[in-house]
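Take a look at the structure set out below.
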Amino acid sequence: MIQIDHVSHRIGGAPILHDISTRLPKGQLTALIGPNGAGKSTLLRLIGRLEPLQAGRITVAGRDVGATPTDQLARVMAILGQQTAIASRLRLSELVAFGRWPHHKGRPCAADRAMVDEALEAFALAPLAGRFLDEVSGGQAQRAHIAMAFAQDTDWMLLDEPLNNLDMAHARALMRRLRDLVDNRGRSVGMVVHEINYAAAWADHVIAMKEGRILAEGPACDVLTETLLSQLYDAPIRVGLHEGRPLVLHHV
Amino acid sequence: MDKRGALMLAGMGLALAALSALWMFQGLGGGNRAFVLHLRGAKLAALVIVATAIGVATILFQTVAANRVLTPSIMGFDALYVLLQTALVAVLGGAGYVGLPAGAKFLAEIAVMSALASLLFGTLLLRGARDVPRMILTGVILGVLFRSVSGFLGRVLDPNEFAVVQAVSFASFNRVDTGLLPVAAGVTLLGAILAWRLSARLDVLALGRDPALSLGLRHQAVVLGVLALVAVLVSVSTALVGPVAFFGLIVAGLAHGLMRTARHAALLPAAALSGAILLVGGQWLFERQLGQAATLSVVVEFAGGLFFLYLLLKGRIR
């Protein structure tokens, strides 16, 4: 479980998060949703210790994020921030292989290589493994970054808008893969999603954020309702039903 | 390292060995051999030390800055060293400066340099790493600031004392401060070994801040440590031959071009070796073949400047 207690955060004087307390349940797929500027990415980055904690306390599987050595945390959770270009020229296989670094610290063994091959296979990157990052499309690079986090093979996986740049088929394949990790391998996933129907179709638990506060949280069916979503996005939104799960009709 | 990389490094090592042999034994004649060999050996050692220091420092700095166009000297590292020298002369006077025990003074300077550099450039890189143009500008302005302050101090100084400053503030491969050689060799060797041992961590650092943190690298500690190491290596090379602005750029460019990999375990030795080949070969050409008709430092700066422009025009600033 990821426990968040009384976390507040400011960036350059502007308050981003106001006294957030919540939790991401273990063994579930949790989606963070909300309008732009709600503080979803900041919260995820604080959990993943990409930003230093200013106030409050976060624990991941019982480990205090502020106090646990960062290399220990790297074997418990993998976090993928929003894409930034990498300065060095890497092949896709080299990038994915970095996911094993927390385990081997520069001396990969056969098991590490097998894990990298599995990650490349899982994200349909095997045919592109020898290509350089600047020679593939944005979506392919995005998949390589996700594959790197996958290869890290941690109990927790935190993804900030992983569906960016992915086409429909690959987006669905990614959600299926994450679902498989949760259902069959006992992993837990936390992700920020903008396309709310991915949360509706695949998430167990939804945390809805607005203006640095948590508006609602709970099972996907309970949170993704017409009243709540309309309030969350300040726009009238209709919600239908498809195969027993909510289908958000936000585009019509 | 793959087979091609290993072969490349071995080839460079052989080329350097051959050049060194040529440098040492060409036209030795029957005179005072021991004297000539000693003189040539000292110079050869100095050139190899300088090449290693600059090559390793540039690769390290480019990794920390996540930028292939920046070098420590463009960001003002060696200007800081010259400023330190000028300030020392201004405070102690020319006689006092020259009277300092060379080894101890050098080690103290190295310590001060690494502290200052980690403080200045560490703040700059950790805060502004996501804003590359601002970082470059600040670095360049810092360099100009250091140079103008030493220029100002130079004006205030007595002309005789200024001559002492002048000797350290111009690059020359002919006038090597051989008294410092043992200390410089030791420091450079230590620095290079340390950099080599860090190479796996440097590979992760090169991914950028977020991925490096996610993979469990102690990002801030590594950045500060690497900057301190860069400061030490730049101090060594500046103390031995003076500031050389663009040499590091050529060497790092060569290392990347020849090795075609992002692995520091391959890049670091490649930078050191290609730098040493360039310096020993160039100095041999200018000193023995062209009879000092041109100076290596000027040609290196000229070629480096062209290479810098080429990188800029190719849009490699990232």
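By convention in this document, the chains of the structure tokens carry letters A, B, ... by their order, each chain's residues are numbered from 1, and ligands are numbered from 1 in the order they are shown.
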
Notebook entry, point to check: Near range 201-206 of chain B, counting only C-alpha atoms, which residues have an atom at most 8 Å away, once you skip same-chain residues fewer than 4 positions from it, shown as a list in words?
Noted result: Ile86, Ala87, Ser88, Phe98, Lys105 and Gly106 of chain A; Leu60, Thr63, Val64, Ala66, Pro211, Ala212, Leu215, Leu217, His219, Ala262, Arg263 and His264 of chain B

Quick one: which chain A residues come within 9 Å of chain B, and what is the nearest atom pair for each with the distance in Å to one decimal, counting only C-alpha atoms, rows ordered by chain and ascending number, as a tab-separated table?
residue	atom	partner	partner_atom	distance
A:Gly48	CA	B:Ser214	CA	7.2
A:Arg49	CA	B:Leu213	CA	7.7
A:Leu50	CA	B:Asp210	CA	6.2
A:Pro69	CA	B:Gly216	CA	8.2
A:Thr70	CA	B:Gly216	CA	4.9
A:Asp71	CA	B:Gly216	CA	3.9
A:Gln72	CA	B:Gly216	CA	7.1
A:Leu73	CA	B:Gly216	CA	6.8
A:Ala74	CA	B:Gly216	CA	4.8
A:Arg75	CA	B:Gly216	CA	8.1
A:Met77	CA	B:Ser214	CA	8.1
A:Ala78	CA	B:Ser214	CA	6.0
A:Ile79	CA	B:Ser214	CA	5.6
A:Leu80	CA	B:Pro211	CA	7.2
A:Gly81	CA	B:Asp210	CA	6.8
A:Thr84	CA	B:Gly208	CA	8.3
A:Ala85	CA	B:Gly208	CA	8.4
A:Ile86	CA	B:Leu207	CA	5.5
A:Ala87	CA	B:Ala66	CA	5.5
A:Ser88	CA	B:Ala262	CA	6.0
A:Arg89	CA	B:Ala262	CA	6.2
A:Leu90	CA	B:Ala262	CA	6.6
A:Leu95	CA	B:Leu207	CA	8.6
A:Phe98	CA	B:Val204	CA	7.3
A:Gly99	CA	B:Leu215	CA	7.0
A:Arg100	CA	B:Leu215	CA	8.4
A:Trp101	CA	B:Leu215	CA	6.7
A:Pro102	CA	B:Leu215	CA	5.7
A:Lys105	CA	B:Ala200	CA	7.3
A:Gly106	CA	B:Ala200	CA	5.2
A:Arg107	CA	B:Ala200	CA	8.7
A:Ala149	CA	B:Ser214	CA	8.8
A:Gln152	CA	B:Leu215	CA	8.1

Create the file for the chosen residues now, containing C-alpha atoms and written as a PDB file, in the first residue's frame.
ATOM      1  CA  GLY A  48       8.263   8.468  -6.650  1.00  0.00           C
ATOM      2  CA  ARG A  49      10.726  10.822  -4.823  1.00  0.00           C
ATOM      3  CA  LEU A  50      11.380  12.717  -8.057  1.00  0.00           C
ATOM      4  CA  PRO A  69      17.876   5.050   0.679  1.00  0.00           C
ATOM      5  CA  THR A  70      16.898   5.744  -2.907  1.00  0.00           C
ATOM      6  CA  ASP A  71      18.461   2.564  -4.300  1.00  0.00           C
ATOM      7  CA  GLN A  72      16.305   0.463  -1.956  1.00  0.00           C
ATOM      8  CA  LEU A  73      13.211   2.300  -3.175  1.00  0.00           C
ATOM      9  CA  ALA A  74      14.248   1.552  -6.758  1.00  0.00           C
ATOM     10  CA  ARG A  75      13.779  -2.145  -6.056  1.00  0.00           C
ATOM     11  CA  MET A  77       8.852   0.942  -7.144  1.00  0.00           C
ATOM     12  CA  ALA A  78       9.509   2.106 -10.658  1.00  0.00           C
ATOM     13  CA  ILE A  79       8.332   5.560 -11.677  1.00  0.00           C
ATOM     14  CA  LEU A  80       8.071   6.840 -15.215  1.00  0.00           C
ATOM     15  CA  GLY A  81       7.707  10.610 -15.456  1.00  0.00           C
ATOM     16  CA  THR A  84      11.932  14.209 -21.676  1.00  0.00           C
ATOM     17  CA  ALA A  85      14.505  13.683 -24.385  1.00  0.00           C
ATOM     18  CA  ILE A  86      17.599  11.719 -23.392  1.00  0.00           C
ATOM     19  CA  ALA A  87      20.860  13.443 -24.276  1.00  0.00           C
ATOM     20  CA  SER A  88      22.908  10.322 -24.964  1.00  0.00           C
ATOM     21  CA  ARG A  89      22.392   8.279 -28.075  1.00  0.00           C
ATOM     22  CA  LEU A  90      20.976   4.928 -26.983  1.00  0.00           C
ATOM     23  CA  LEU A  95      17.513   1.885 -22.708  1.00  0.00           C
ATOM     24  CA  PHE A  98      18.861   0.234 -17.734  1.00  0.00           C
ATOM     25  CA  GLY A  99      15.701  -0.966 -15.995  1.00  0.00           C
ATOM     26  CA  ARG A 100      17.787  -3.760 -14.481  1.00  0.00           C
ATOM     27  CA  TRP A 101      20.349  -1.346 -13.024  1.00  0.00           C
ATOM     28  CA  PRO A 102      18.858  -1.191  -9.499  1.00  0.00           C
ATOM     29  CA  LYS A 105      24.461  -1.984 -10.379  1.00  0.00           C
ATOM     30  CA  GLY A 106      26.422  -2.244 -13.604  1.00  0.00           C
ATOM     31  CA  ARG A 107      27.149  -5.982 -13.708  1.00  0.00           C
ATOM     32  CA  ALA A 149      10.026   0.491 -15.995  1.00  0.00           C
ATOM     33  CA  GLN A 152      12.744  -2.917 -13.258  1.00  0.00           C
TER      34      GLN A 152
END

Next item on the list: Tell me which protein, DNA and RNA residues are within 8 Å of Phe61 in chain B, counting only C-alpha atoms, leaving out same-chain ones fewer than 3 positions away, and put them as an MDAnalysis selection string.
Entry: chainID B and resid 57:58 64:65 70:72 226:227 230

Margin query: Considering only helix (DSSP H, G or I) as DSSP defines it on the backbone, what residues of range 6-187 of chain A qualify? List them as a ChimeraX atom specification.
Written below: /A:40-47,70-73,92-104,110-122,126-128,133-135,138-151,168-185

Neighbouring residues of Ala141 in chain A were defined as those with any atom within 12 Å, considering only C-alpha atoms; residues of the same chain fewer than 3 positions away were excluded. Please report them as a PDB file with C-alpha atoms, in the first residue's frame.
ATOM      1  CA  GLN A  82       6.419  12.430 -18.497  1.00  0.00           C
ATOM      2  CA  GLN A  83       8.832  12.103 -21.384  1.00  0.00           C
ATOM      3  CA  THR A  84      11.932  14.209 -21.676  1.00  0.00           C
ATOM      4  CA  ALA A  85      14.505  13.683 -24.385  1.00  0.00           C
ATOM      5  CA  ILE A  86      17.599  11.719 -23.392  1.00  0.00           C
ATOM      6  CA  LEU A  90      20.976   4.928 -26.983  1.00  0.00           C
ATOM      7  CA  ARG A  91      19.585   1.901 -28.709  1.00  0.00           C
ATOM      8  CA  LEU A  92      16.157   0.774 -27.535  1.00  0.00           C
ATOM      9  CA  SER A  93      17.630  -2.411 -26.088  1.00  0.00           C
ATOM     10  CA  LEU A  95      17.513   1.885 -22.708  1.00  0.00           C
ATOM     11  CA  VAL A  96      15.357  -1.046 -21.590  1.00  0.00           C
ATOM     12  CA  LEU A 120      11.173  -5.965 -25.209  1.00  0.00           C
ATOM     13  CA  PHE A 123       5.917  -4.247 -25.585  1.00  0.00           C
ATOM     14  CA  ALA A 124       6.423  -5.473 -29.143  1.00  0.00           C
ATOM     15  CA  LEU A 125       9.827  -3.803 -29.334  1.00  0.00           C
ATOM     16  CA  LEU A 128      13.183  -2.361 -33.044  1.00  0.00           C
ATOM     17  CA  ALA A 129      15.679  -3.347 -30.340  1.00  0.00           C
ATOM     18  CA  ARG A 131      17.342   1.090 -33.449  1.00  0.00           C
ATOM     19  CA  PHE A 132      18.441   4.327 -31.819  1.00  0.00           C
ATOM     20  CA  LEU A 133      15.939   6.295 -29.740  1.00  0.00           C
ATOM     21  CA  ASP A 134      16.043   9.244 -32.125  1.00  0.00           C
ATOM     22  CA  GLU A 135      15.279   6.928 -35.035  1.00  0.00           C
ATOM     23  CA  VAL A 136      11.894   5.711 -33.754  1.00  0.00           C
ATOM     24  CA  SER A 137       8.544   7.432 -33.408  1.00  0.00           C
ATOM     25  CA  GLY A 138       7.353   9.148 -30.238  1.00  0.00           C
ATOM     26  CA  ALA A 144      10.571   1.675 -24.705  1.00  0.00           C
ATOM     27  CA  HIS A 145      10.428   3.840 -21.574  1.00  0.00           C
ATOM     28  CA  ILE A 146       7.502   1.821 -20.232  1.00  0.00           C
ATOM     29  CA  ALA A 147       9.401  -1.376 -21.042  1.00  0.00           C
ATOM     30  CA  MET A 148      12.318  -0.017 -19.000  1.00  0.00           C
ATOM     31  CA  PRO A 162       1.819   6.492 -20.077  1.00  0.00           C
ATOM     32  CA  LEU A 163      -0.766   6.590 -22.876  1.00  0.00           C
ATOM     33  CA  ASN A 164       0.770   9.753 -24.351  1.00  0.00           C
ATOM     34  CA  ASN A 165       1.754   9.262 -27.976  1.00  0.00           C
ATOM     35  CA  LEU A 166       0.383   5.718 -28.095  1.00  0.00           C
TER      36      LEU A 166
END

Item checked: Shell around Leu189 in chain B at 10 Å using only C-alpha atoms, local window under 5 positions removed, as a PyMOL selection string -> chain B and resi 49+52-53+183-184+194-195+233

Atoms kept (N, CA and C atoms) for selection, written as an mmCIF file, in the first residue's frame:
data_model
loop_
_atom_site.group_PDB
_atom_site.id
_atom_site.type_symbol
_atom_site.label_atom_id
_atom_site.label_comp_id
_atom_site.auth_asym_id
_atom_site.auth_seq_id
_atom_site.Cartn_x
_atom_site.Cartn_y
_atom_site.Cartn_z
ATOM 1 N N ILE B 49 49.418 13.489 -19.470
ATOM 2 C CA ILE B 49 48.624 13.868 -18.289
ATOM 3 C C ILE B 49 47.565 14.889 -18.677
ATOM 4 N N THR B 52 44.780 13.325 -20.756
ATOM 5 C CA THR B 52 43.893 12.504 -19.936
ATOM 6 C C THR B 52 42.982 13.394 -19.106
ATOM 7 N N ALA B 53 43.580 14.393 -18.456
ATOM 8 C CA ALA B 53 42.791 15.257 -17.573
ATOM 9 C C ALA B 53 41.681 15.950 -18.362
ATOM 10 N N VAL B 183 53.153 15.301 -8.723
ATOM 11 C CA VAL B 183 51.850 15.526 -8.080
ATOM 12 C C VAL B 183 50.741 15.436 -9.112
ATOM 13 N N ALA B 184 50.948 16.120 -10.256
ATOM 14 C CA ALA B 184 49.912 16.146 -11.291
ATOM 15 C C ALA B 184 49.611 14.734 -11.786
ATOM 16 N N LEU B 194 38.990 6.992 -10.473
ATOM 17 C CA LEU B 194 37.701 7.278 -9.832
ATOM 18 C C LEU B 194 36.602 7.393 -10.891
ATOM 19 N N ALA B 195 36.903 8.144 -11.964
ATOM 20 C CA ALA B 195 35.926 8.328 -13.039
ATOM 21 C C ALA B 195 35.569 6.972 -13.644
ATOM 22 N N LEU B 233 40.513 17.851 -12.226
ATOM 23 C CA LEU B 233 41.208 17.530 -13.477
ATOM 24 C C LEU B 233 41.526 18.792 -14.269
#

Notebook entry, point to check: Which one is closest to Ala201 in chain A: A:Gly12, A:Pro25, A:Pro246, A:Gly186? Count only C-alpha atoms.
Noted result: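 Ranked by minimum distance to Ala201 in chain A, first place goes to A:Pro246.
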
Next item on the list: Can you pull out every residue within 10 Å of Thr30 in chain A, counting only C-alpha atoms, but drop anything in the same chain fewer than 3 positions away, and send it as a ChimeraX atom specification?
Entry: /A:23-27,33,158,188-193,199,202-207,217-220

Item checked: Pairwise distance for CA of Arg40 in chain B and CA of Leu19 in chain B, rounded to one decimal in Å ->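 Atom-to-atom, CA of Arg40 in chain B and CA of Leu19 in chain B are spaced 12.6 Å apart.
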
Find the spatial neighbours of Gly281 in chain B, counting only C-alpha atoms, within a cut-off of 9 Å - ignore same-chain residues fewer than 2 positions away - and output them as a tab-separated table (two decimals) with N, CA, C and O atoms, in the first residue's frame.
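Heads up, here's the output in selection_36.tsv:
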chain	number	residue	atom	x	y	z
B	16	LEU	N	49.36	5.32	-29.76
B	16	LEU	CA	49.99	6.20	-28.77
B	16	LEU	C	51.37	5.68	-28.40
B	16	LEU	O	52.34	6.45	-28.30
B	19	LEU	N	53.75	6.49	-31.25
B	19	LEU	CA	54.07	7.92	-31.25
B	19	LEU	C	55.03	8.27	-30.13
B	19	LEU	O	55.98	9.05	-30.31
B	20	SER	N	54.80	7.67	-28.96
B	20	SER	CA	55.66	7.96	-27.81
B	20	SER	C	57.08	7.50	-28.10
B	20	SER	O	58.05	8.20	-27.78
B	23	TRP	N	58.63	9.88	-30.40
B	23	TRP	CA	58.93	11.11	-29.66
B	23	TRP	C	60.20	10.96	-28.84
B	23	TRP	O	61.05	11.84	-28.80
B	276	ALA	N	45.62	12.14	-26.03
B	276	ALA	CA	47.06	11.96	-25.93
B	276	ALA	C	47.68	11.82	-27.33
B	276	ALA	O	48.74	12.40	-27.61
B	277	ILE	N	47.01	11.08	-28.22
B	277	ILE	CA	47.53	10.92	-29.59
B	277	ILE	C	47.62	12.28	-30.27
B	277	ILE	O	48.63	12.63	-30.90
B	278	LEU	N	46.55	13.08	-30.14
B	278	LEU	CA	46.54	14.40	-30.77
B	278	LEU	C	47.67	15.28	-30.24
B	278	LEU	O	48.39	15.92	-31.01
B	279	LEU	N	47.81	15.31	-28.92
B	279	LEU	CA	48.80	16.22	-28.33
B	279	LEU	C	50.22	15.78	-28.65
B	279	LEU	O	51.05	16.58	-29.09
B	283	GLN	N	52.45	17.93	-31.10
B	283	GLN	CA	53.66	18.57	-30.57
B	283	GLN	C	54.89	18.07	-31.32
B	283	GLN	O	55.80	18.84	-31.62
B	284	TRP	N	54.90	16.78	-31.66
B	284	TRP	CA	56.02	16.22	-32.44
B	284	TRP	C	56.12	16.94	-33.78
B	284	TRP	O	57.18	17.36	-34.21
B	285	LEU	N	54.96	17.10	-34.44
B	285	LEU	CA	54.93	17.73	-35.75
B	285	LEU	C	55.46	19.16	-35.67
B	285	LEU	O	56.32	19.57	-36.45
B	286	PHE	N	54.96	19.92	-34.71
B	286	PHE	CA	55.32	21.34	-34.65
B	286	PHE	C	56.73	21.55	-34.15
B	286	PHE	O	57.45	22.41	-34.63

Next item on the list: Run DSSP on the backbone of this structure and report the residues of range 72-223 of chain A it assigns to strand (DSSP E or B), as a PyMOL selection string.
Entry: chain A and resi 77-80+91+132+156-160+188-192+205-210+213-219

Notebook entry, point to check: Mind pulling up the distance from CA of Leu44 in chain B to CA of Met24 in chain B?
Noted result: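 The value is 8.1 Å.
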